[in-house]
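protein15.cif, holding mmCIF, C-alpha atoms:
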```
data_query
loop_
_atom_site.group_PDB
_atom_site.id
_atom_site.type_symbol
_atom_site.label_atom_id
_atom_site.label_comp_id
_atom_site.auth_asym_id
_atom_site.auth_seq_id
_atom_site.Cartn_x
_atom_site.Cartn_y
_atom_site.Cartn_z
ATOM 1 C CA MET A 1 33.924 -78.334 -2.964
ATOM 2 C CA CYS A 2 30.309 -79.254 -2.412
ATOM 3 C CA LEU A 3 29.496 -82.759 -3.625
ATOM 4 C CA SER A 4 25.800 -82.299 -3.170
ATOM 5 C CA SER A 5 25.590 -79.764 -5.967
ATOM 6 C CA PRO A 6 24.709 -80.887 -9.514
ATOM 7 C CA THR A 7 27.996 -79.614 -10.942
ATOM 8 C CA LEU A 8 31.307 -80.219 -9.230
ATOM 9 C CA VAL A 9 34.229 -77.894 -9.600
ATOM 10 C CA CYS A 10 37.805 -79.046 -9.066
ATOM 11 C CA SER A 11 40.419 -76.402 -8.429
ATOM 12 C CA CYS A 12 43.294 -78.325 -9.985
ATOM 13 C CA PRO A 13 46.020 -76.244 -11.626
ATOM 14 C CA THR A 14 45.116 -75.713 -15.272
ATOM 15 C CA SER A 15 48.602 -76.563 -16.431
ATOM 16 C CA SER A 16 48.275 -80.071 -15.053
ATOM 17 C CA MET A 17 44.793 -80.814 -16.350
ATOM 18 C CA ALA A 18 44.505 -83.055 -19.359
ATOM 19 C CA SER A 19 41.717 -82.856 -21.933
ATOM 20 C CA THR A 20 38.356 -83.710 -20.410
ATOM 21 C CA THR A 21 36.408 -85.629 -23.013
ATOM 22 C CA THR A 22 33.827 -87.935 -21.491
ATOM 23 C CA ALA A 23 34.509 -91.037 -23.583
ATOM 24 C CA PRO A 24 38.174 -91.572 -22.620
ATOM 25 C CA VAL A 25 37.287 -91.007 -18.978
ATOM 26 C CA LYS A 26 34.606 -93.656 -19.180
ATOM 27 C CA ASP A 27 37.125 -95.993 -20.794
ATOM 28 C CA ASP A 28 39.472 -95.362 -17.859
ATOM 29 C CA LEU A 29 36.730 -96.139 -15.405
ATOM 30 C CA ILE A 30 35.812 -99.352 -17.196
ATOM 31 C CA SER A 31 39.409 -100.509 -17.400
ATOM 32 C CA ASN A 32 39.885 -99.860 -13.671
ATOM 33 C CA LYS A 33 36.627 -101.734 -12.877
ATOM 34 C CA LEU A 34 35.725 -99.027 -10.363
ATOM 35 C CA VAL A 35 32.136 -98.164 -11.246
ATOM 36 C CA THR A 36 29.389 -99.049 -13.656
ATOM 37 C CA ASP A 37 27.350 -95.867 -13.310
ATOM 38 C CA PHE A 38 29.017 -92.905 -15.029
ATOM 39 C CA SER A 39 27.525 -89.965 -13.178
ATOM 40 C CA SER A 40 29.178 -86.562 -13.512
ATOM 41 C CA GLU A 41 30.599 -87.030 -10.013
ATOM 42 C CA ASP A 42 32.165 -90.394 -10.967
ATOM 43 C CA ILE A 43 33.803 -88.886 -14.049
ATOM 44 C CA LEU A 44 35.194 -85.916 -12.136
ATOM 45 C CA VAL A 45 36.580 -88.106 -9.364
ATOM 46 C CA ASP A 46 38.188 -90.510 -11.828
ATOM 47 C CA LYS A 47 39.741 -87.725 -13.874
ATOM 48 C CA ASN A 48 41.199 -85.766 -10.992
ATOM 49 C CA SER A 49 42.257 -88.415 -8.501
ATOM 50 C CA MET A 50 45.172 -90.772 -8.921
ATOM 51 C CA PRO A 51 44.380 -94.049 -10.763
ATOM 52 C CA GLU A 52 45.595 -96.878 -8.537
ATOM 53 C CA ASP A 53 47.058 -98.813 -11.488
ATOM 54 C CA ASP A 54 48.905 -95.782 -12.903
ATOM 55 C CA PRO A 55 51.153 -94.689 -10.031
ATOM 56 C CA ASN A 56 52.623 -91.640 -11.765
ATOM 57 C CA GLY A 57 49.468 -90.441 -13.499
ATOM 58 C CA ASN A 58 51.424 -90.051 -16.738
ATOM 59 C CA THR A 59 49.943 -92.778 -18.920
ATOM 60 C CA LEU A 60 46.177 -92.591 -18.579
ATOM 61 C CA HIS A 61 46.023 -88.807 -18.456
ATOM 62 C CA GLU A 62 48.959 -87.954 -20.756
ATOM 63 C CA ALA A 63 50.327 -85.462 -18.220
ATOM 64 C CA HIS A 64 53.465 -83.477 -19.076
ATOM 65 C CA ASN A 65 54.434 -83.176 -15.417
ATOM 66 C CA ILE A 66 54.475 -85.811 -12.698
ATOM 67 C CA ARG A 67 51.210 -84.943 -11.001
ATOM 68 C CA TRP A 68 51.465 -87.561 -8.253
ATOM 69 C CA GLY A 69 53.205 -90.789 -7.421
ATOM 70 C CA PRO A 70 56.547 -91.962 -5.988
ATOM 71 C CA GLN A 71 58.587 -90.033 -8.602
ATOM 72 C CA HIS A 72 57.011 -86.690 -7.703
ATOM 73 C CA ALA A 73 59.741 -84.389 -6.359
ATOM 74 C CA GLY A 74 57.861 -83.556 -3.170
ATOM 75 C CA ALA A 75 56.933 -87.195 -2.547
ATOM 76 C CA LYS A 76 60.557 -88.306 -2.795
ATOM 77 C CA LEU A 77 61.706 -85.634 -0.344
ATOM 78 C CA LEU A 78 58.937 -86.383 2.147
ATOM 79 C CA ALA A 79 59.536 -90.143 1.986
ATOM 80 C CA SER A 80 63.224 -89.593 2.748
ATOM 81 C CA GLN A 81 62.319 -87.919 6.051
ATOM 82 C CA TYR A 82 61.050 -91.161 7.643
ATOM 83 C CA THR A 83 63.648 -91.732 10.387
ATOM 84 C CA ASN A 84 64.914 -94.671 12.458
ATOM 85 C CA GLU A 85 63.774 -92.895 15.617
ATOM 86 C CA LYS A 86 60.250 -92.651 14.214
ATOM 87 C CA ARG A 87 60.372 -96.367 13.375
ATOM 88 C CA ILE A 88 61.367 -97.286 16.943
ATOM 89 C CA GLN A 89 58.515 -95.181 18.357
ATOM 90 C CA GLU A 90 56.050 -96.965 16.053
ATOM 91 C CA ILE A 91 57.288 -100.447 17.008
ATOM 92 C CA ILE A 92 56.967 -99.698 20.733
ATOM 93 C CA SER A 93 53.479 -98.198 20.218
ATOM 94 C CA VAL A 94 52.208 -101.198 18.240
ATOM 95 C CA ALA A 95 53.621 -103.739 20.717
ATOM 96 C CA LEU A 96 52.163 -101.954 23.761
ATOM 97 C CA CYS A 97 48.815 -101.412 22.072
ATOM 98 C CA ILE A 98 48.349 -105.029 20.999
ATOM 99 C CA PHE A 99 49.229 -106.291 24.503
ATOM 100 C CA LEU A 100 46.763 -103.876 26.135
ATOM 101 C CA MET A 101 44.028 -104.699 23.602
ATOM 102 C CA ILE A 102 44.294 -108.404 24.414
ATOM 103 C CA TYR A 103 44.373 -107.735 28.167
ATOM 104 C CA ASN A 104 41.311 -105.463 28.093
ATOM 105 C CA PHE A 105 39.396 -107.680 25.662
ATOM 106 C CA PHE A 106 39.699 -110.555 28.149
ATOM 107 C CA TYR A 107 37.932 -108.453 30.785
ATOM 108 C CA ILE A 108 35.356 -107.119 28.315
ATOM 109 C CA CYS A 109 34.410 -110.753 27.637
ATOM 110 C CA TYR A 110 34.651 -111.726 31.324
ATOM 111 C CA TYR A 111 32.124 -109.099 32.422
ATOM 112 C CA PHE A 112 29.818 -109.503 29.413
ATOM 113 C CA ASP A 113 26.161 -109.895 30.371
ATOM 114 C CA VAL A 114 23.816 -110.978 27.575
ATOM 115 C CA ARG A 115 20.889 -109.419 29.444
ATOM 116 C CA LYS A 116 22.349 -105.978 28.746
ATOM 117 C CA CYS A 117 22.811 -106.425 24.995
ATOM 118 C CA PHE A 118 20.219 -103.736 24.309
ATOM 119 C CA LEU A 119 22.683 -101.248 25.831
ATOM 120 C CA ILE A 120 25.947 -102.856 24.710
ATOM 121 C CA ILE A 121 25.169 -102.787 20.974
ATOM 122 C CA PRO A 122 24.302 -99.038 20.872
ATOM 123 C CA SER A 123 27.448 -98.363 22.935
ATOM 124 C CA ALA A 124 29.545 -100.245 20.384
ATOM 125 C CA LEU A 125 27.947 -98.435 17.415
ATOM 126 C CA LEU A 126 28.449 -95.089 19.115
ATOM 127 C CA GLY A 127 32.112 -95.991 19.589
ATOM 128 C CA ILE A 128 32.467 -96.659 15.844
ATOM 129 C CA LEU A 129 30.736 -93.369 14.944
ATOM 130 C CA THR A 130 32.938 -91.454 17.370
ATOM 131 C CA ALA A 131 36.031 -93.036 15.810
ATOM 132 C CA ASP A 132 34.853 -92.009 12.346
ATOM 133 C CA PHE A 133 34.250 -88.424 13.466
ATOM 134 C CA ALA A 134 37.589 -88.310 15.299
ATOM 135 C CA SER A 135 39.366 -89.555 12.174
ATOM 136 C CA GLY A 136 37.737 -86.708 10.229
ATOM 137 C CA ILE A 137 38.802 -84.049 12.731
ATOM 138 C CA VAL A 138 42.405 -85.288 12.869
ATOM 139 C CA HIS A 139 42.593 -85.800 9.098
ATOM 140 C CA TRP A 140 41.111 -82.358 8.418
ATOM 141 C CA GLY A 141 43.439 -80.675 10.890
ATOM 142 C CA ALA A 142 46.574 -82.367 9.549
ATOM 143 C CA ASP A 143 45.635 -81.875 5.877
ATOM 144 C CA THR A 144 44.557 -78.267 6.246
ATOM 145 C CA TRP A 145 46.818 -76.568 8.772
ATOM 146 C CA GLY A 146 50.435 -76.513 9.852
ATOM 147 C CA SER A 147 53.675 -77.165 8.036
ATOM 148 C CA VAL A 148 56.193 -79.980 7.718
ATOM 149 C CA ASP A 149 58.777 -77.473 8.987
ATOM 150 C CA MET A 150 57.054 -77.152 12.387
ATOM 151 C CA PRO A 151 59.131 -78.473 15.301
ATOM 152 C CA PHE A 152 58.457 -82.117 16.273
ATOM 153 C CA ILE A 153 54.922 -82.522 14.856
ATOM 154 C CA GLY A 154 55.927 -81.427 11.347
ATOM 155 C CA ARG A 155 58.124 -84.362 10.358
ATOM 156 C CA ASN A 156 56.637 -86.835 12.816
ATOM 157 C CA PHE A 157 52.953 -86.202 12.235
ATOM 158 C CA LEU A 158 52.203 -83.873 9.305
ATOM 159 C CA ARG A 159 54.769 -85.317 6.873
ATOM 160 C CA PRO A 160 52.771 -88.505 6.071
ATOM 161 C CA PHE A 161 49.674 -86.425 5.262
ATOM 162 C CA ARG A 162 51.603 -84.252 2.783
ATOM 163 C CA GLU A 163 53.223 -87.303 1.194
ATOM 164 C CA HIS A 164 49.885 -89.079 0.888
ATOM 165 C CA HIS A 165 48.283 -86.394 -1.276
ATOM 166 C CA ILE A 166 51.087 -86.387 -3.837
ATOM 167 C CA ASP A 167 51.769 -90.118 -3.622
ATOM 168 C CA PRO A 168 48.461 -91.709 -2.545
ATOM 169 C CA THR A 169 49.634 -95.279 -3.107
ATOM 170 C CA SER A 170 52.679 -94.825 -0.858
ATOM 171 C CA ILE A 171 50.509 -96.132 1.971
ATOM 172 C CA THR A 172 50.149 -99.438 0.134
ATOM 173 C CA ARG A 173 53.939 -99.827 0.221
ATOM 174 C CA HIS A 174 54.108 -99.248 3.986
ATOM 175 C CA ASP A 175 54.217 -102.272 6.269
ATOM 176 C CA PHE A 176 51.876 -102.799 9.225
ATOM 177 C CA ILE A 177 54.126 -100.879 11.634
ATOM 178 C CA GLU A 178 54.529 -97.746 9.510
ATOM 179 C CA THR A 179 50.862 -97.764 8.501
ATOM 180 C CA ASN A 180 49.426 -98.066 11.994
ATOM 181 C CA GLY A 181 52.099 -96.899 14.458
ATOM 182 C CA ASP A 182 50.725 -93.398 15.057
ATOM 183 C CA ASN A 183 47.114 -94.528 15.509
ATOM 184 C CA PHE A 184 48.159 -97.229 17.954
ATOM 185 C CA ALA A 185 50.197 -94.661 19.909
ATOM 186 C CA VAL A 186 47.155 -92.391 20.317
ATOM 187 C CA ILE A 187 45.085 -95.007 22.159
ATOM 188 C CA VAL A 188 47.818 -96.488 24.391
ATOM 189 C CA PRO A 189 47.242 -94.017 27.299
ATOM 190 C CA TYR A 190 43.535 -94.806 27.591
ATOM 191 C CA LEU A 191 44.114 -98.554 27.189
ATOM 192 C CA PHE A 192 46.556 -98.322 30.105
ATOM 193 C CA TYR A 193 43.890 -96.578 32.162
ATOM 194 C CA MET A 194 41.266 -99.155 31.158
ATOM 195 C CA ALA A 195 43.614 -101.986 32.154
ATOM 196 C CA HIS A 196 44.180 -100.256 35.499
ATOM 197 C CA LYS A 197 40.421 -100.117 36.127
ATOM 198 C CA PHE A 198 39.870 -103.762 35.206
ATOM 199 C CA THR A 199 42.762 -104.786 37.461
ATOM 200 C CA TYR A 200 42.121 -102.702 40.581
ATOM 201 C CA PHE A 201 38.476 -101.587 40.579
ATOM 202 C CA SER A 202 35.816 -103.650 42.347
ATOM 203 C CA ASP A 203 33.429 -105.878 40.379
ATOM 204 C CA ALA A 204 30.543 -103.566 41.275
ATOM 205 C CA ASP A 205 32.341 -100.497 39.929
ATOM 206 C CA ILE A 206 33.315 -102.273 36.716
ATOM 207 C CA LYS A 207 29.761 -103.486 36.111
ATOM 208 C CA ARG A 208 28.415 -99.973 36.622
ATOM 209 C CA SER A 209 30.750 -98.541 33.977
ATOM 210 C CA TYR A 210 30.730 -101.588 31.675
ATOM 211 C CA ASN A 211 28.746 -100.013 28.812
ATOM 212 C CA PHE A 212 31.079 -97.021 28.814
ATOM 213 C CA GLU A 213 34.090 -99.365 28.687
ATOM 214 C CA VAL A 214 32.550 -101.174 25.690
ATOM 215 C CA TYR A 215 32.061 -97.807 24.004
ATOM 216 C CA MET A 216 35.671 -96.798 24.690
ATOM 217 C CA PHE A 217 37.053 -100.196 23.682
ATOM 218 C CA LEU A 218 35.285 -100.147 20.293
ATOM 219 C CA LEU A 219 36.344 -96.527 19.867
ATOM 220 C CA ALA A 220 39.951 -97.560 20.564
ATOM 221 C CA ILE A 221 39.788 -100.545 18.182
ATOM 222 C CA PHE A 222 38.412 -98.499 15.308
ATOM 223 C CA VAL A 223 40.797 -95.596 15.940
ATOM 224 C CA SER A 224 43.713 -98.038 15.899
ATOM 225 C CA MET A 225 42.506 -99.630 12.657
ATOM 226 C CA THR A 226 41.629 -96.375 10.876
ATOM 227 C CA ASN A 227 44.817 -96.162 8.844
ATOM 228 C CA GLN A 228 44.607 -99.866 7.979
ATOM 229 C CA PHE A 229 41.090 -99.295 6.601
ATOM 230 C CA HIS A 230 42.508 -96.268 4.805
ATOM 231 C CA LYS A 231 45.304 -98.370 3.317
ATOM 232 C CA TRP A 232 42.812 -100.944 2.070
ATOM 233 C CA SER A 233 40.793 -98.150 0.416
ATOM 234 C CA HIS A 234 43.872 -97.515 -1.774
ATOM 235 C CA THR A 235 44.559 -101.202 -2.436
ATOM 236 C CA TYR A 236 42.856 -102.225 -5.660
ATOM 237 C CA PHE A 237 44.572 -105.578 -6.162
ATOM 238 C CA GLY A 238 44.948 -108.688 -4.018
ATOM 239 C CA LEU A 239 42.649 -107.786 -1.135
ATOM 240 C CA PRO A 240 41.078 -110.735 0.720
ATOM 241 C CA SER A 241 37.466 -111.328 -0.256
ATOM 242 C CA TYR A 242 36.198 -110.524 3.248
ATOM 243 C CA ILE A 243 37.808 -107.061 3.106
ATOM 244 C CA VAL A 244 36.202 -106.412 -0.300
ATOM 245 C CA PHE A 245 32.878 -107.547 1.223
ATOM 246 C CA LEU A 246 33.242 -105.097 4.134
ATOM 247 C CA GLN A 247 34.071 -102.284 1.687
ATOM 248 C CA ARG A 248 31.247 -103.139 -0.700
ATOM 249 C CA TYR A 249 28.661 -102.893 2.094
ATOM 250 C CA HIS A 250 30.320 -99.803 3.602
ATOM 251 C CA ILE A 251 31.137 -101.438 6.934
ATOM 252 C CA ILE A 252 34.644 -100.031 6.519
ATOM 253 C CA LEU A 253 35.895 -97.257 4.215
ATOM 254 C CA PRO A 254 35.091 -98.158 0.568
ATOM 255 C CA ARG A 255 37.595 -97.534 -2.232
ATOM 256 C CA LYS A 256 35.354 -95.527 -4.536
ATOM 257 C CA HIS A 257 34.015 -93.467 -1.630
ATOM 258 C CA HIS A 258 37.482 -92.408 -0.494
ATOM 259 C CA ARG A 259 38.607 -91.348 -3.979
ATOM 260 C CA ILE A 260 36.330 -88.320 -3.603
ATOM 261 C CA HIS A 261 38.733 -86.956 -0.994
ATOM 262 C CA HIS A 262 41.632 -87.260 -3.440
ATOM 263 C CA VAL A 263 40.196 -84.730 -5.870
ATOM 264 C CA VAL A 264 42.288 -81.546 -5.546
ATOM 265 C CA PRO A 265 42.148 -79.512 -3.303
ATOM 266 C CA HIS A 266 41.387 -82.377 -0.882
ATOM 267 C CA ASP A 267 38.819 -80.356 1.036
ATOM 268 C CA THR A 268 36.066 -82.871 1.742
ATOM 269 C CA TYR A 269 35.280 -86.460 2.861
ATOM 270 C CA PHE A 270 37.855 -86.417 5.667
ATOM 271 C CA CYS A 271 36.368 -89.265 7.744
ATOM 272 C CA ILE A 272 38.382 -92.383 6.942
ATOM 273 C CA THR A 273 37.443 -95.024 9.522
ATOM 274 C CA THR A 274 34.134 -96.074 8.012
ATOM 275 C CA GLY A 275 33.262 -92.911 6.067
ATOM 276 C CA TRP A 276 29.709 -93.072 7.444
ATOM 277 C CA LEU A 277 29.740 -89.405 8.466
ATOM 278 C CA ASN A 278 31.178 -87.937 5.265
ATOM 279 C CA ARG A 279 27.899 -87.280 3.479
ATOM 280 C CA PRO A 280 26.074 -85.830 6.525
ATOM 281 C CA LEU A 281 29.010 -83.508 7.280
ATOM 282 C CA GLU A 282 29.173 -82.472 3.614
ATOM 283 C CA MET A 283 25.451 -81.708 3.578
ATOM 284 C CA ILE A 284 25.747 -79.260 6.497
ATOM 285 C CA LYS A 285 29.003 -77.800 5.088
ATOM 286 C CA PHE A 286 30.763 -78.647 8.324
ATOM 287 C CA TRP A 287 34.361 -78.404 7.057
ATOM 288 C CA PRO A 288 34.023 -75.066 5.196
ATOM 289 C CA TRP A 289 32.307 -73.621 8.277
ATOM 290 C CA LEU A 290 35.140 -74.832 10.526
ATOM 291 C CA GLU A 291 37.804 -73.516 8.144
ATOM 292 C CA ALA A 292 36.132 -70.100 7.958
ATOM 293 C CA ILE A 293 36.277 -69.812 11.756
ATOM 294 C CA VAL A 294 39.956 -70.807 11.948
ATOM 295 C CA GLU A 295 40.910 -68.479 9.089
ATOM 296 C CA LYS A 296 38.975 -65.578 10.584
ATOM 297 C CA TYR A 297 40.705 -65.759 13.977
ATOM 298 C CA THR A 298 44.205 -66.877 12.918
ATOM 299 C CA GLY A 299 44.633 -65.505 9.396
ATOM 300 C CA ALA A 300 46.017 -68.903 8.305
ATOM 301 C CA LYS A 301 45.123 -70.062 4.793
ATOM 302 C CA PRO A 302 43.770 -73.628 4.566
ATOM 303 C CA ARG A 303 45.964 -76.198 2.795
ATOM 304 C CA SER A 304 48.703 -73.691 1.896
ATOM 305 C CA ASP A 305 51.483 -76.094 2.922
ATOM 306 C CA ASP A 306 49.751 -78.987 1.169
ATOM 307 C CA LEU A 307 49.615 -76.964 -2.070
ATOM 308 C CA ALA A 308 53.265 -75.945 -1.758
ATOM 309 C CA TRP A 309 54.369 -79.576 -1.599
ATOM 310 C CA ALA A 310 52.096 -80.516 -4.516
ATOM 311 C CA GLN A 311 53.778 -77.855 -6.669
ATOM 312 C CA LYS A 312 57.235 -79.424 -6.315
ATOM 313 C CA THR A 313 57.212 -81.027 -9.769
ATOM 314 C CA GLU A 314 59.672 -82.630 -12.141
ATOM 315 C CA LYS A 315 59.381 -82.880 -15.911
ATOM 316 C CA VAL A 316 58.819 -86.314 -17.331
ATOM 317 C CA HIS A 317 58.284 -85.391 -20.978
ATOM 318 C CA ASP A 318 59.879 -82.910 -23.327
ATOM 319 C CA GLU A 319 57.760 -79.774 -23.727
#
```

Show how you would write the structure in this file as structure tokens.
Amino acid sequence: MCLSSPTLVCSCPTSSMASTTTAPVKDDLISNKLVTDFSSEDILVDKNSMPEDDPNGNTLHEAHNIRWGPQHAGAKLLASQYTNEKRIQEIISVALCIFLMIYNFFYICYYFDVRKCFLIIPSALLGILTADFASGIVHWGADTWGSVDMPFIGRNFLRPFREHHIDPTSITRHDFIETNGDNFAVIVPYLFYMAHKFTYFSDADIKRSYNFEVYMFLLAIFVSMTNQFHKWSHTYFGLPSYIVFLQRYHIILPRKHHRIHHVVPHDTYFCITTGWLNRPLEMIKFWPWLEAIVEKYTGAKPRSDDLAWAQKTEKVHDE
């Protein structure tokens, strides 16, 4: 799906699409207080992504099947596969990560030199951009390829991505541990290495690599917080005013911006840390180009497993 084109096409199953008159859609948008400018893109996104105040998508869109939400058959099955072992891994990851963040932050502050700010600030910004791009690559890979049935990574890593597309607000019901455990786990190895360098390397060596450590530290912070930013982009009620401020000025992932990804078939706007890189990557058709390469050399069809889970439906109305 190319969002830069004048007309957007959504490949949602016809059987699940409700009538598409413009006026009711605008009413939905107004009632949700999401936007004030009703462009064709806004209307398409609102119509074909899950309204955050209508968790089953059955009221606003008069659907005959559960299209998304916690009562979707696939969502219920995927949610049931969250295990105690997975919970323990997440708790250990979060505890280790927070300890190492505090330890390394002390040394980042200790070796800070205001005379080198002209290098430190670009290093920090580059770390944030790298985190955003990394979030896109991981998100794209997990959304597009593989199966929940794959050994180890299926249930432990791919399962939350499948659940999220058919129950987008499930993330808002997850606590801090479940939301952030995997992201914290990813950065623990490098934070250990960084702590080792700050502890055992000489002052001269640390000062020489200081800008790189700032880059890596900001990269680690934003990678660790990616899913929290993602969760806030699905939270339409009760957010602190400072979070709304950060979203409004696109310092972190905005709510309206991320809803574009949740238009079926979920094939664009994969970057979910800040979302800064989504439009540039869309303009150069980065994701379709990457998918074409993978499909050519592996024969795998993009998002086939994602579609299979989305098609596990239950009736909620009499035909």

Find the residues around A:Thr130 up to 10 Å (all atoms listed in the file counted), leave out those fewer than 3 positions away in its own chain, and share them as a PDB file with C-alpha atoms, in the frame of the given file.
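After the write, selection_1.pdb holds the following:
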```pdb
ATOM      1  CA  ALA A 124      29.545-100.245  20.384  1.00  0.00           C
ATOM      2  CA  LEU A 125      27.947 -98.435  17.415  1.00  0.00           C
ATOM      3  CA  LEU A 126      28.449 -95.089  19.115  1.00  0.00           C
ATOM      4  CA  GLY A 127      32.112 -95.991  19.589  1.00  0.00           C
ATOM      5  CA  PHE A 133      34.250 -88.424  13.466  1.00  0.00           C
ATOM      6  CA  ALA A 134      37.589 -88.310  15.299  1.00  0.00           C
ATOM      7  CA  SER A 135      39.366 -89.555  12.174  1.00  0.00           C
ATOM      8  CA  GLY A 136      37.737 -86.708  10.229  1.00  0.00           C
ATOM      9  CA  TYR A 215      32.061 -97.807  24.004  1.00  0.00           C
ATOM     10  CA  MET A 216      35.671 -96.798  24.690  1.00  0.00           C
ATOM     11  CA  LEU A 218      35.285-100.147  20.293  1.00  0.00           C
ATOM     12  CA  LEU A 219      36.344 -96.527  19.867  1.00  0.00           C
ATOM     13  CA  ALA A 220      39.951 -97.560  20.564  1.00  0.00           C
ATOM     14  CA  PHE A 222      38.412 -98.499  15.308  1.00  0.00           C
ATOM     15  CA  VAL A 223      40.797 -95.596  15.940  1.00  0.00           C
ATOM     16  CA  THR A 273      37.443 -95.024   9.522  1.00  0.00           C
ATOM     17  CA  LEU A 277      29.740 -89.405   8.466  1.00  0.00           C
TER      18      LEU A 277
END
```

Matched chain/residue IDs from the PyMOL selection byres ((chain A and resi 272) around 9), as a ChimeraX atom specification: /A:132-133,135-136,139,226-227,229-230,252-253,258,269-271,273-276,278

What would the selection look like, as a list of chain:residue names, if the PyMOL selection byres ((chain A and resi 103-107) around 8) were run on the coordinates I just shared?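 In the shown coordinates, the PyMOL selection byres ((chain A and resi 103-107) around 8) covers A:Phe99, A:Leu100, A:Met101, A:Ile102, A:Ile108, A:Cys109, A:Tyr110, A:Tyr111, A:Leu191, A:Met194, A:Ala195, A:Phe198.
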
Go ahead and compute the interatomic distance for atom CA of A:Phe157 and atom CA of A:Pro265, in Å to one decimal.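 The value is 20.1 Å.
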
Would you kindly translate the PyMOL selection byres ((chain A and resi 291-294) around 12) into the concrete residues it picks from this file, as a ChimeraX atom specification? /A:137,140-141,143-145,267-268,285-290,295-303

Generate a file of the selected residues that holds C-alpha atoms, formatted as a PDB file, keeping the file's coordinate frame.
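Full text of result-v4.pdb as output:
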```
ATOM      1  CA  ILE A 137      38.802 -84.049  12.731  1.00  0.00           C
ATOM      2  CA  TRP A 140      41.111 -82.358   8.418  1.00  0.00           C
ATOM      3  CA  GLY A 141      43.439 -80.675  10.890  1.00  0.00           C
ATOM      4  CA  ASP A 143      45.635 -81.875   5.877  1.00  0.00           C
ATOM      5  CA  THR A 144      44.557 -78.267   6.246  1.00  0.00           C
ATOM      6  CA  TRP A 145      46.818 -76.568   8.772  1.00  0.00           C
ATOM      7  CA  ASP A 267      38.819 -80.356   1.036  1.00  0.00           C
ATOM      8  CA  THR A 268      36.066 -82.871   1.742  1.00  0.00           C
ATOM      9  CA  LYS A 285      29.003 -77.800   5.088  1.00  0.00           C
ATOM     10  CA  PHE A 286      30.763 -78.647   8.324  1.00  0.00           C
ATOM     11  CA  TRP A 287      34.361 -78.404   7.057  1.00  0.00           C
ATOM     12  CA  PRO A 288      34.023 -75.066   5.196  1.00  0.00           C
ATOM     13  CA  TRP A 289      32.307 -73.621   8.277  1.00  0.00           C
ATOM     14  CA  LEU A 290      35.140 -74.832  10.526  1.00  0.00           C
ATOM     15  CA  GLU A 295      40.910 -68.479   9.089  1.00  0.00           C
ATOM     16  CA  LYS A 296      38.975 -65.578  10.584  1.00  0.00           C
ATOM     17  CA  TYR A 297      40.705 -65.759  13.977  1.00  0.00           C
ATOM     18  CA  THR A 298      44.205 -66.877  12.918  1.00  0.00           C
ATOM     19  CA  GLY A 299      44.633 -65.505   9.396  1.00  0.00           C
ATOM     20  CA  ALA A 300      46.017 -68.903   8.305  1.00  0.00           C
ATOM     21  CA  LYS A 301      45.123 -70.062   4.793  1.00  0.00           C
ATOM     22  CA  PRO A 302      43.770 -73.628   4.566  1.00  0.00           C
ATOM     23  CA  ARG A 303      45.964 -76.198   2.795  1.00  0.00           C
TER      24      ARG A 303
END
```

Neighbouring residues of A:Ala185 were defined as those with any atom within 10 Å, considering all atoms listed in the file; residues of the same chain fewer than 5 positions away were excluded. Please report them as an mmCIF file with C-alpha atoms, in the coordinates of the input.
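Generated file (out-v2.cif):
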```cif
data_model
loop_
_atom_site.group_PDB
_atom_site.id
_atom_site.type_symbol
_atom_site.label_atom_id
_atom_site.label_comp_id
_atom_site.auth_asym_id
_atom_site.auth_seq_id
_atom_site.Cartn_x
_atom_site.Cartn_y
_atom_site.Cartn_z
ATOM 1 C CA GLN A 89 58.515 -95.181 18.357
ATOM 2 C CA GLU A 90 56.050 -96.965 16.053
ATOM 3 C CA ILE A 91 57.288 -100.447 17.008
ATOM 4 C CA ILE A 92 56.967 -99.698 20.733
ATOM 5 C CA SER A 93 53.479 -98.198 20.218
ATOM 6 C CA VAL A 94 52.208 -101.198 18.240
ATOM 7 C CA ALA A 95 53.621 -103.739 20.717
ATOM 8 C CA LEU A 96 52.163 -101.954 23.761
ATOM 9 C CA CYS A 97 48.815 -101.412 22.072
ATOM 10 C CA ASN A 180 49.426 -98.066 11.994
ATOM 11 C CA SER A 224 43.713 -98.038 15.899
#
```

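Relative to atom CA of A:Val263, atom CA of A:Arg162 is found at 14.3 Å.
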
Any idea what the distance is between atom CA of A:Val138 and atom CA of A:Phe176? 20.2 Å

Give the answer as one residue: which of A:Tyr193, A:Arg255, A:Thr169, A:Lys86 has the shortest atom-to-atom distance to A:Phe152, using all atoms listed in the file?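 Going through A:Tyr193, A:Arg255, A:Thr169, A:Lys86 one by one, the smallest distance to A:Phe152 is for A:Lys86.
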
Selected residue, from A:Arg248, A:His196, A:His234, A:His164, that lies nearest to A:Ala310 when counting all atoms listed in the file: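 Closest residue, counting all atoms listed in the file: A:His164.
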
Restricting to all atoms listed in the file, whichever of A:Asn211, A:Gln228, A:Phe237, A:Ala308 is closest to A:Ser123 is A:Asn211

Around stretch 117-124 of chain A, with edges along x, y and z and 8 Å added on all six sides, what centre and edge lengths do you get, in Å to one decimal, as lines of an AutoDock Vina configuration file?
```
center_x = 24.9
center_y = -102.4
center_z = 23.1
size_x = 25.3
size_y = 24.1
size_z = 21.4
```
